[in-house]
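So this one's data07.cif, mmCIF, C-alpha atoms:
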```cif
data_target
#
loop_
_atom_site.label_atom_id
_atom_site.label_comp_id
_atom_site.auth_asym_id
_atom_site.auth_seq_id
_atom_site.Cartn_x
_atom_site.Cartn_y
_atom_site.Cartn_z
CA MET A 202 -13.95 20.98 24.96
CA ASN A 203 -14.87 21.68 21.34
CA TYR A 204 -13.32 19.45 18.73
CA ARG A 205 -13.20 20.04 15.01
CA TYR A 206 -13.51 16.42 13.87
CA PHE A 207 -15.58 14.94 16.71
CA THR A 208 -18.84 15.79 18.45
CA GLU A 209 -19.55 14.82 22.04
CA GLU A 210 -22.81 13.14 22.92
CA ASN A 211 -23.38 11.65 26.39
CA GLY A 212 -19.66 11.35 27.07
CA ARG A 213 -19.00 9.56 23.76
CA PHE A 214 -17.18 11.18 20.85
CA HIS A 215 -18.53 10.65 17.31
CA LEU A 216 -16.50 11.36 14.19
CA LYS A 217 -18.22 14.07 12.15
CA ASN A 218 -19.13 12.98 8.64
CA ASN A 219 -18.70 15.62 5.97
CA ILE A 220 -22.03 14.86 4.32
CA PRO A 221 -22.30 18.08 2.23
CA ALA A 222 -18.89 17.50 0.60
CA ALA A 223 -19.69 13.83 -0.05
CA MET A 224 -23.04 14.77 -1.60
CA ILE A 225 -21.37 17.37 -3.84
CA ARG A 226 -18.85 14.74 -4.99
CA PHE A 227 -21.72 12.24 -5.47
CA ILE A 228 -23.70 14.66 -7.66
CA GLY A 229 -20.55 15.74 -9.53
CA CYS A 230 -19.69 12.12 -10.37
CA LEU A 231 -23.25 11.50 -11.61
CA ILE A 232 -23.07 14.61 -13.82
CA ILE A 233 -19.74 13.46 -15.29
CA ALA A 234 -21.20 9.96 -15.84
CA ALA A 235 -24.21 11.41 -17.67
CA ALA A 236 -21.99 13.69 -19.76
CA LEU A 237 -19.73 10.80 -20.78
CA TYR A 238 -22.70 8.63 -21.66
CA PHE A 239 -24.51 11.26 -23.75
CA ILE A 240 -21.55 13.09 -25.34
CA ILE A 241 -19.52 10.10 -26.55
CA PRO A 242 -21.24 8.29 -29.46
CA PRO A 243 -22.80 4.91 -28.53
CA GLU A 244 -20.64 2.99 -31.01
CA LYS A 245 -17.61 3.97 -28.94
CA LYS A 246 -17.94 1.81 -25.85
CA ILE A 247 -15.59 4.04 -23.83
CA GLY A 248 -18.48 6.40 -23.05
CA VAL A 249 -20.50 3.63 -21.43
CA TRP A 250 -17.50 2.31 -19.50
CA GLY A 251 -16.55 5.81 -18.36
CA ALA A 252 -20.12 6.43 -17.22
CA VAL A 253 -20.15 3.15 -15.27
CA LEU A 254 -16.84 4.08 -13.63
CA PHE A 255 -18.15 7.47 -12.49
CA VAL A 256 -21.40 5.95 -11.20
CA PHE A 257 -19.19 3.62 -9.14
CA PHE A 258 -17.25 6.64 -7.80
CA ALA A 259 -20.58 8.30 -6.95
CA LEU A 260 -21.69 5.27 -4.96
CA VAL A 261 -18.36 5.13 -3.10
CA ASN A 262 -18.83 8.77 -2.08
CA LEU A 263 -22.34 8.00 -0.90
CA LEU A 264 -21.02 5.09 1.18
CA LYS A 265 -18.50 7.40 2.86
CA THR A 266 -21.38 9.24 4.54
CA THR A 267 -22.25 6.07 6.49
CA LYS A 268 -18.86 5.73 8.27
CA LYS A 269 -19.13 5.43 12.04
CA LEU A 270 -16.31 5.98 14.53
CA VAL A 271 -17.20 6.36 18.21
CA ILE A 272 -14.68 6.81 21.01
CA ASP A 273 -16.00 6.13 24.52
CA PRO A 274 -13.47 7.22 27.15
CA LYS A 275 -15.62 5.88 30.03
CA THR A 276 -15.68 2.27 28.80
CA LYS A 277 -12.31 2.74 27.02
CA THR A 278 -13.65 1.39 23.73
CA ILE A 279 -13.67 2.46 20.11
CA ILE A 280 -16.50 1.38 17.83
CA HIS A 281 -15.78 1.43 14.11
CA LYS A 282 -17.95 0.75 11.08
CA ASN A 283 -16.37 1.68 7.75
CA ASN A 284 -19.71 1.97 5.94
CA ILE A 285 -23.23 0.57 5.92
CA LEU A 286 -22.06 -2.59 4.10
CA ASN A 287 -19.51 -3.53 6.79
CA SER A 288 -20.15 -4.91 10.24
CA GLU A 289 -19.35 -2.98 13.39
CA ALA A 290 -16.12 -3.76 15.26
CA GLU A 291 -15.19 -2.85 18.80
CA TYR A 292 -11.65 -2.23 20.02
CA ARG A 293 -10.39 -1.58 23.54
CA PHE A 294 -7.93 1.17 24.45
CA ASP A 295 -5.54 -1.44 25.85
CA GLU A 296 -5.36 -3.06 22.37
CA PHE A 297 -4.18 0.26 20.89
CA GLU A 298 -0.53 0.27 19.85
CA GLN A 299 0.06 3.42 17.80
CA PHE A 300 -1.18 5.77 15.11
CA TYR A 301 -0.07 5.28 11.54
CA VAL A 302 -0.20 7.88 8.77
CA LEU A 303 -0.10 6.77 5.16
CA VAL A 304 0.89 9.54 2.74
CA ALA A 305 0.52 9.26 -1.04
CA LYS A 306 2.72 11.61 -3.05
CA TYR A 307 3.02 12.30 -6.74
CA LEU A 308 6.01 14.33 -7.96
CA PHE A 309 6.68 15.75 -4.49
CA ILE A 310 3.06 16.82 -4.06
CA THR A 311 1.08 15.21 -1.27
CA MET A 312 -2.08 13.87 -2.89
CA ASP A 313 -3.70 12.45 0.23
CA SER A 314 -2.92 11.15 3.68
CA THR A 315 -4.84 8.75 5.88
CA ALA A 316 -4.63 8.34 9.64
CA PHE A 317 -5.09 4.88 11.13
CA PHE A 318 -5.33 3.36 14.58
CA ILE A 319 -3.11 0.29 14.91
CA PHE A 320 -4.61 -2.28 17.28
CA ASN A 321 -3.27 -5.64 18.39
CA LYS A 322 -6.43 -7.74 18.53
CA GLY A 323 -5.80 -11.38 19.39
CA GLY A 324 -2.21 -11.24 18.17
CA LYS A 325 -3.20 -9.76 14.80
CA GLU A 326 -2.53 -6.21 13.67
CA LYS A 327 -5.71 -4.33 12.77
CA ARG A 328 -5.61 -1.00 10.95
CA VAL A 329 -8.66 1.14 11.54
CA PRO A 330 -8.98 4.28 9.39
CA ILE A 331 -9.73 7.50 11.22
CA ILE A 332 -9.72 10.26 8.61
CA VAL A 333 -8.43 11.11 5.13
CA GLY A 334 -6.89 14.45 4.24
CA LEU A 335 -6.42 15.67 0.68
CA PHE A 336 -3.36 17.63 -0.51
CA GLY A 337 -1.58 17.61 2.83
CA SER A 338 -1.29 15.94 6.19
CA LYS A 339 -2.21 18.81 8.53
CA LYS A 340 -5.86 17.70 8.77
CA VAL A 341 -4.75 14.15 9.57
CA GLN A 342 -2.33 15.33 12.26
CA ASN A 343 -4.99 17.55 13.83
CA ALA A 344 -7.42 14.59 13.92
CA ILE A 345 -4.76 12.41 15.59
CA ASN A 346 -4.17 15.16 18.17
CA GLU A 347 -7.91 15.24 18.94
CA VAL A 348 -8.09 11.44 19.24
CA SER A 349 -5.04 11.47 21.55
CA ASP A 350 -6.73 14.07 23.73
CA ILE A 351 -10.05 12.17 23.81
CA MET A 352 -8.30 8.90 24.67
CA ASN A 353 -6.13 10.76 27.23
CA LEU A 354 -2.97 9.22 25.78
CA ASP A 355 -0.77 11.93 27.24
CA GLY A 356 -1.81 10.94 30.75
CA LYS A 357 -1.37 7.23 30.10
#
```
Represent the structure from my file as structure tokens, please.
Amino acid sequence: MNYRYFTEENGRFHLKNNIPAAMIRFIGCLIIAAALYFIIPPEKKIGVWGAVLFVFFALVNLLKTTKKLVIDPKTKTIIHKNNILNSEAEYRFDEFEQFYVLVAKYLFITMDSTAFFIFNKGGKEKRVPIIVGLFGSKKVQNAINEVSDIMNLDGK
């Protein structure tokens, strides 16, 4: 079966990283940082601070390209690594409790929504992010539907 958000490789499903979009955001943030630094006079420190802020945003976008989420239906495990700076964590299907969707709205407009796995690992609740959708929750719901299908939650 073809999935929009996951690719299958040897029976394991890997979350697709949107590297082109992240690279465009990375370059855009660097351009804004350079513009702030060179346009605002040096005696006004806000230009430097704004440039530093946008360089930080650029690095965050670059880190997003290193996210790893692998679902292995054969071993009934999920491997998650948020980015290259974090360690890898493994969760079992039997630790899965539910999906959770966090929606941020501003003046009745959905700004973004994030889908999470909720696991009960050793008596502690662990939230593992799956995907983020901007300006709506349809993308997030579609990703949850794909994960449900991969994990065969309907036939549980």
With a distance cut-off of 10 Å and all atoms listed in the file, select the neighbouring residues of range 293-299 of chain A, excluding the residue or stretch itself and same-chain residues fewer than 5 positions from it, and output the selection as an mmCIF file with C-alpha atoms, in the frame of the given file.
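Saved file out10.cif follows:
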```cif
data_model
loop_
_atom_site.group_PDB
_atom_site.id
_atom_site.type_symbol
_atom_site.label_atom_id
_atom_site.label_comp_id
_atom_site.auth_asym_id
_atom_site.auth_seq_id
_atom_site.Cartn_x
_atom_site.Cartn_y
_atom_site.Cartn_z
ATOM 1 C CA ILE A 272 -14.680 6.810 21.010
ATOM 2 C CA ASP A 273 -16.000 6.130 24.520
ATOM 3 C CA PRO A 274 -13.470 7.220 27.150
ATOM 4 C CA THR A 276 -15.680 2.270 28.800
ATOM 5 C CA LYS A 277 -12.310 2.740 27.020
ATOM 6 C CA THR A 278 -13.650 1.390 23.730
ATOM 7 C CA ILE A 279 -13.670 2.460 20.110
ATOM 8 C CA ILE A 280 -16.500 1.380 17.830
ATOM 9 C CA PHE A 317 -5.090 4.880 11.130
ATOM 10 C CA PHE A 318 -5.330 3.360 14.580
ATOM 11 C CA ILE A 319 -3.110 0.290 14.910
ATOM 12 C CA PHE A 320 -4.610 -2.280 17.280
ATOM 13 C CA ASN A 321 -3.270 -5.640 18.390
ATOM 14 C CA LYS A 322 -6.430 -7.740 18.530
ATOM 15 C CA GLY A 323 -5.800 -11.380 19.390
ATOM 16 C CA GLY A 324 -2.210 -11.240 18.170
ATOM 17 C CA GLU A 326 -2.530 -6.210 13.670
ATOM 18 C CA LYS A 327 -5.710 -4.330 12.770
ATOM 19 C CA ARG A 328 -5.610 -1.000 10.950
ATOM 20 C CA MET A 352 -8.300 8.900 24.670
ATOM 21 C CA LEU A 354 -2.970 9.220 25.780
#
```
What does the distance between CA of Ala259 in chain A and CA of Glu347 in chain A come to in Å, to one decimal place?
29.6 Å
Which of these, A:Val329, A:Leu264, A:Ala316, A:Ile232, has the shortest distance to Ile345 in chain A once you count all atoms listed in the file?
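With all atoms listed in the file as the atom set, the closest residue is A:Ala316.
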How far is it from CA of Cys230 in chain A to CA of Phe257 in chain A, in Å with one decimal?
8.6 Å
Just so the selection is clear, what residues does the PyMOL selection byres ((chain A and resi 234-236) around 9) cover here, as a ChimeraX atom specification?
/A:229-233,237-241,248-249,251-256
Would you pick out the contacts of Val348 in chain A at 10 Å or less, using only C-alpha atoms, so that residues sharing its chain but fewer than 2 positions from it are not included, and give the list as JSON, numbers by chain?
{"A": [204, 206, 207, 214, 216, 272, 300, 318, 331, 342, 343, 344, 345, 346, 350, 351, 352, 353, 354]}
Could the residues in this selection be saved with C-alpha atoms as a short mmCIF file (atom, residue, chain, number, x, y, z; two decimals), keeping the file's coordinate frame?
```cif
data_model
loop_
_atom_site.label_atom_id
_atom_site.label_comp_id
_atom_site.auth_asym_id
_atom_site.auth_seq_id
_atom_site.Cartn_x
_atom_site.Cartn_y
_atom_site.Cartn_z
CA TYR A 204 -13.32 19.45 18.73
CA TYR A 206 -13.51 16.42 13.87
CA PHE A 207 -15.58 14.94 16.71
CA PHE A 214 -17.18 11.18 20.85
CA LEU A 216 -16.50 11.36 14.19
CA ILE A 272 -14.68 6.81 21.01
CA PHE A 300 -1.18 5.77 15.11
CA PHE A 318 -5.33 3.36 14.58
CA ILE A 331 -9.73 7.50 11.22
CA GLN A 342 -2.33 15.33 12.26
CA ASN A 343 -4.99 17.55 13.83
CA ALA A 344 -7.42 14.59 13.92
CA ILE A 345 -4.76 12.41 15.59
CA ASN A 346 -4.17 15.16 18.17
CA ASP A 350 -6.73 14.07 23.73
CA ILE A 351 -10.05 12.17 23.81
CA MET A 352 -8.30 8.90 24.67
CA ASN A 353 -6.13 10.76 27.23
CA LEU A 354 -2.97 9.22 25.78
#
```
At a cut-off of 8 Å from (-4.2, 14.1, 2.2) in the coordinates of the file, what residues are picked up using only C-alpha atoms, written as JSON, numbers by chain?
{"A": [304, 305, 311, 312, 313, 314, 315, 333, 334, 335, 336, 337, 338, 340, 341]}
A:Ile310, A:Lys265, A:Lys275, A:Trp250 ranked by distance to Arg213 in chain A, top pick (using all atoms listed in the file):
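Closest to Arg213 in chain A of all the choices is A:Lys275.
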Applied to this file, what does the PyMOL selection byres ((chain A and resi 284) around 10) return in terms of residues, put as a PyMOL selection string?
chain A and resi 261+263-269+281-283+285-289
Under the rule that only C-alpha atoms are counted, which of A:Leu270, A:Leu260, A:Ile228, A:Lys306 is the nearest residue to Ala290 in chain A?
A:Leu270
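Between CA of Arg205 in chain A and CA of Asn219 in chain A the interatomic distance comes to 11.5 Å.
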